[in-house]
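Heads up: the structure comes next, in structure tokens.
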Amino acid sequence: MAKEKRKVVRIFEADEMELMAVNSRWTPEELLAQEGIFFLKDVVKILPLDPVKVKKKANEIRARQQEPWAVMGARKVWNHWIVRMKVFAPFYKLHLVSKVRKLEKDWNGNTLLEQKGLFYLTDVCKLIPFSTHQLRYQAKSTTDAKQKIGIFKDEEINSFVVDMEIFGLWVKRLWMGLPTEPRKRGKTGSRSKRKGAS
């Protein structure tokens with residue numbers, strides 16, 4: 001009797017075969033270009049990434065009845081979180097890269113106010129003559145502060161952030177003693193009646 005060929009069940013993809021070490025000299029771009037499996041604890045030494053955020057995203061994916069390993073390339077095996085870089089890299093770029101910009105070392109307050117994008121309020125206050133307490137108070141006491149003065153609490157990162165394009169204009173007007181809100185106008189078309197007009 002001829003021997004039956006045993007069907008090989010494929011468990012691992014080619015890039016899942018090896019647990020790789022992170023090279024401490026790699027740049028974030030070099031790490032993201034690798035193929036293989038890495039420990040999350042080593043990945044976060046290179047990428048500006050909070051491991052809690054990765055775990056939170058994995059739980060959100062699981063809550064949608066999807067598999068985090070397939071969607072974002074991260075999962076917990078025993079006591080360790082591992083990352084499949086081929087899947088994790090594009091997910092990271094799309095969902096995990098911080099939307100908040102960092103201050104450059106050579107910036108001063110004037111340079112900062114000319115920037116665009118989001119910045120942490122605590123960072124902003126390092127370069128301008130206002131405290132975080134003062135600006136948080138302004139944000140809480142201003143209706144629609146996000147649109148009017150560019151300060152708001154981002155629930156996803158649980159921090160106050162500054163939209164510099166709006167905030168920069170607001171600070172300039174404030175510092176120059178100009179009104180920081182447009183003047184309210186009366187109803188269009190209404191004219192005050194002159195004395196004696198019939």
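Convention: chains lettered A, B, ... in structure tokens order; per-chain residue numbering from 1; ligands numbered from 1 as shown.
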Within 10 Å of region 161-176 of chain A: each region 17-112 of chain A residue with its shortest pair, only C-alpha atoms, as a Markdown table:
| residue | atom | partner | partner_atom | distance |
| --- | --- | --- | --- | --- |
| A:Val100 | CA | A:Val161 | CA | 7.9 |
| A:Gly109 | CA | A:Gly168 | CA | 9.9 |
| A:Asn110 | CA | A:Gly168 | CA | 9.1 |
| A:Leu112 | CA | A:Met164 | CA | 8.0 |
Take the residues from that selection and put them in a file with N, CA and C atoms, as a PDB file, in the first residue's frame.
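Contents of out26.pdb, freshly written:
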ATOM      1  N   VAL A 100       0.067  64.854  18.278  1.00  0.00           N
ATOM      2  CA  VAL A 100       0.553  66.035  18.982  1.00  0.00           C
ATOM      3  C   VAL A 100       2.036  66.225  18.674  1.00  0.00           C
ATOM      4  N   GLY A 109       8.946  81.502  22.201  1.00  0.00           N
ATOM      5  CA  GLY A 109       7.500  81.699  22.159  1.00  0.00           C
ATOM      6  C   GLY A 109       7.006  82.226  20.829  1.00  0.00           C
ATOM      7  N   ASN A 110       7.758  83.128  20.215  1.00  0.00           N
ATOM      8  CA  ASN A 110       7.348  83.693  18.927  1.00  0.00           C
ATOM      9  C   ASN A 110       7.342  82.644  17.820  1.00  0.00           C
ATOM     10  N   LEU A 112       7.033  79.425  18.227  1.00  0.00           N
ATOM     11  CA  LEU A 112       5.948  78.490  18.528  1.00  0.00           C
ATOM     12  C   LEU A 112       4.609  79.007  18.022  1.00  0.00           C
TER      13      LEU A 112
END
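Summary of the local environment: counting only C-alpha atoms, residues at most 8 Å from region 61-76 of chain A, other than itself and those fewer than 3 positions away along its chain, are Val54, Lys57, Ala58, Asn79, His80, Trp81, Ile82, Val83, Arg84, Met85, Lys86, Val87, Phe88, Phe91 and Tyr92 of chain A.
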### Task
Identify, with DSSP run on backbone atoms, the residues in chain A assigned to strand (DSSP E), and express the list as JSON, numbers by chain.
{"A": [37, 38, 39, 74, 75, 76, 77, 80, 81, 82, 83, 84, 100, 101, 118, 119, 120, 151, 152, 153, 154, 159, 160, 161, 162, 163]}
Write the residues of the preceding selection, restricted to C-alpha atoms, as a PDB file, in the first residue's frame.
ATOM      1  CA  ILE A  37       8.001  39.134  15.590  1.00  0.00           C
ATOM      2  CA  PHE A  38       9.210  41.485  18.349  1.00  0.00           C
ATOM      3  CA  PHE A  39       8.419  41.985  22.011  1.00  0.00           C
ATOM      4  CA  ALA A  74      -0.294  42.756  18.314  1.00  0.00           C
ATOM      5  CA  ARG A  75      -1.343  40.148  20.873  1.00  0.00           C
ATOM      6  CA  LYS A  76      -0.552  38.808  24.311  1.00  0.00           C
ATOM      7  CA  VAL A  77       1.026  35.339  24.507  1.00  0.00           C
ATOM      8  CA  HIS A  80       4.267  39.000  26.965  1.00  0.00           C
ATOM      9  CA  TRP A  81       2.816  41.297  24.328  1.00  0.00           C
ATOM     10  CA  ILE A  82       4.300  40.610  20.900  1.00  0.00           C
ATOM     11  CA  VAL A  83       4.167  42.545  17.653  1.00  0.00           C
ATOM     12  CA  ARG A  84       4.081  41.246  14.072  1.00  0.00           C
ATOM     13  CA  VAL A 100       0.553  66.035  18.982  1.00  0.00           C
ATOM     14  CA  ARG A 101       3.760  67.729  17.880  1.00  0.00           C
ATOM     15  CA  LEU A 118      -1.523  70.372  17.968  1.00  0.00           C
ATOM     16  CA  PHE A 119       0.799  70.766  20.965  1.00  0.00           C
ATOM     17  CA  TYR A 120       0.503  69.741  24.610  1.00  0.00           C
ATOM     18  CA  ILE A 151      -7.488  74.982  23.772  1.00  0.00           C
ATOM     19  CA  PHE A 152      -9.348  71.761  24.537  1.00  0.00           C
ATOM     20  CA  LYS A 153      -9.078  68.469  26.370  1.00  0.00           C
ATOM     21  CA  ASP A 154      -8.427  65.592  23.992  1.00  0.00           C
ATOM     22  CA  SER A 159      -4.626  65.821  28.096  1.00  0.00           C
ATOM     23  CA  PHE A 160      -5.211  69.469  27.312  1.00  0.00           C
ATOM     24  CA  VAL A 161      -3.885  70.351  23.870  1.00  0.00           C
ATOM     25  CA  VAL A 162      -3.526  73.540  21.869  1.00  0.00           C
ATOM     26  CA  ASP A 163      -4.477  74.037  18.220  1.00  0.00           C
TER      27      ASP A 163
END
### Task
Once DSSP has gone over the backbone, tell me which residues of chain A are in alpha helix (DSSP H), as JSON, numbers by chain.
{"A": [28, 29, 30, 31, 32, 40, 41, 42, 43, 51, 52, 53, 54, 55, 56, 57, 58, 59, 60, 61, 62, 63, 68, 69, 70, 71, 85, 86, 87, 88, 89, 90, 91, 109, 110, 111, 112, 113, 121, 122, 123, 124, 132, 133, 134, 135, 136, 137, 138, 139, 140, 141, 145, 146, 147, 148, 164, 165, 166, 167, 168, 169, 170, 171, 172, 173, 174, 175]}
### Message
Between A:Lys105, A:Lys140, A:Lys53, A:Lys41, which residue has the minimum interatomic distance to Asn158 (chain A), considering only C-alpha atoms?
### Response
A:Lys53
### Message
I'd like the neighbourhood of Pro48 (chain A) as a ChimeraX atom specification, where a residue qualifies if any of its atoms comes within 10 Å (using only C-alpha atoms), though same-chain residues fewer than 6 positions away should be ignored.
### Response
/A:28,96-98
Take the residues that were just selected and, keeping N, CA and C atoms, output them as a JSON list (two decimals), in the first residue's frame.
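Final output, saved to again_28.json:
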[["chain", "number", "residue", "atom", "x", "y", "z"],
["A", 28, "PRO", "N", 13.24, 54.75, 14.25],
["A", 28, "PRO", "CA", 11.86, 54.25, 14.16],
["A", 28, "PRO", "C", 11.52, 53.73, 12.76],
["A", 96, "LEU", "N", -1.57, 55.02, 15.59],
["A", 96, "LEU", "CA", -0.86, 55.14, 16.86],
["A", 96, "LEU", "C", 0.19, 56.26, 16.90],
["A", 97, "VAL", "N", 0.51, 56.83, 15.74],
["A", 97, "VAL", "CA", 1.46, 57.94, 15.73],
["A", 97, "VAL", "C", 0.81, 59.12, 16.42],
["A", 98, "SER", "N", 1.53, 59.73, 17.32],
["A", 98, "SER", "CA", 0.97, 60.85, 18.05],
["A", 98, "SER", "C", 0.61, 61.99, 17.11]]
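Here the question is which of A:Asp144, A:Glu155, A:Glu60, A:Asp123 gets nearest to Lys102 (chain A) using only C-alpha atoms, and that residue is A:Asp123.
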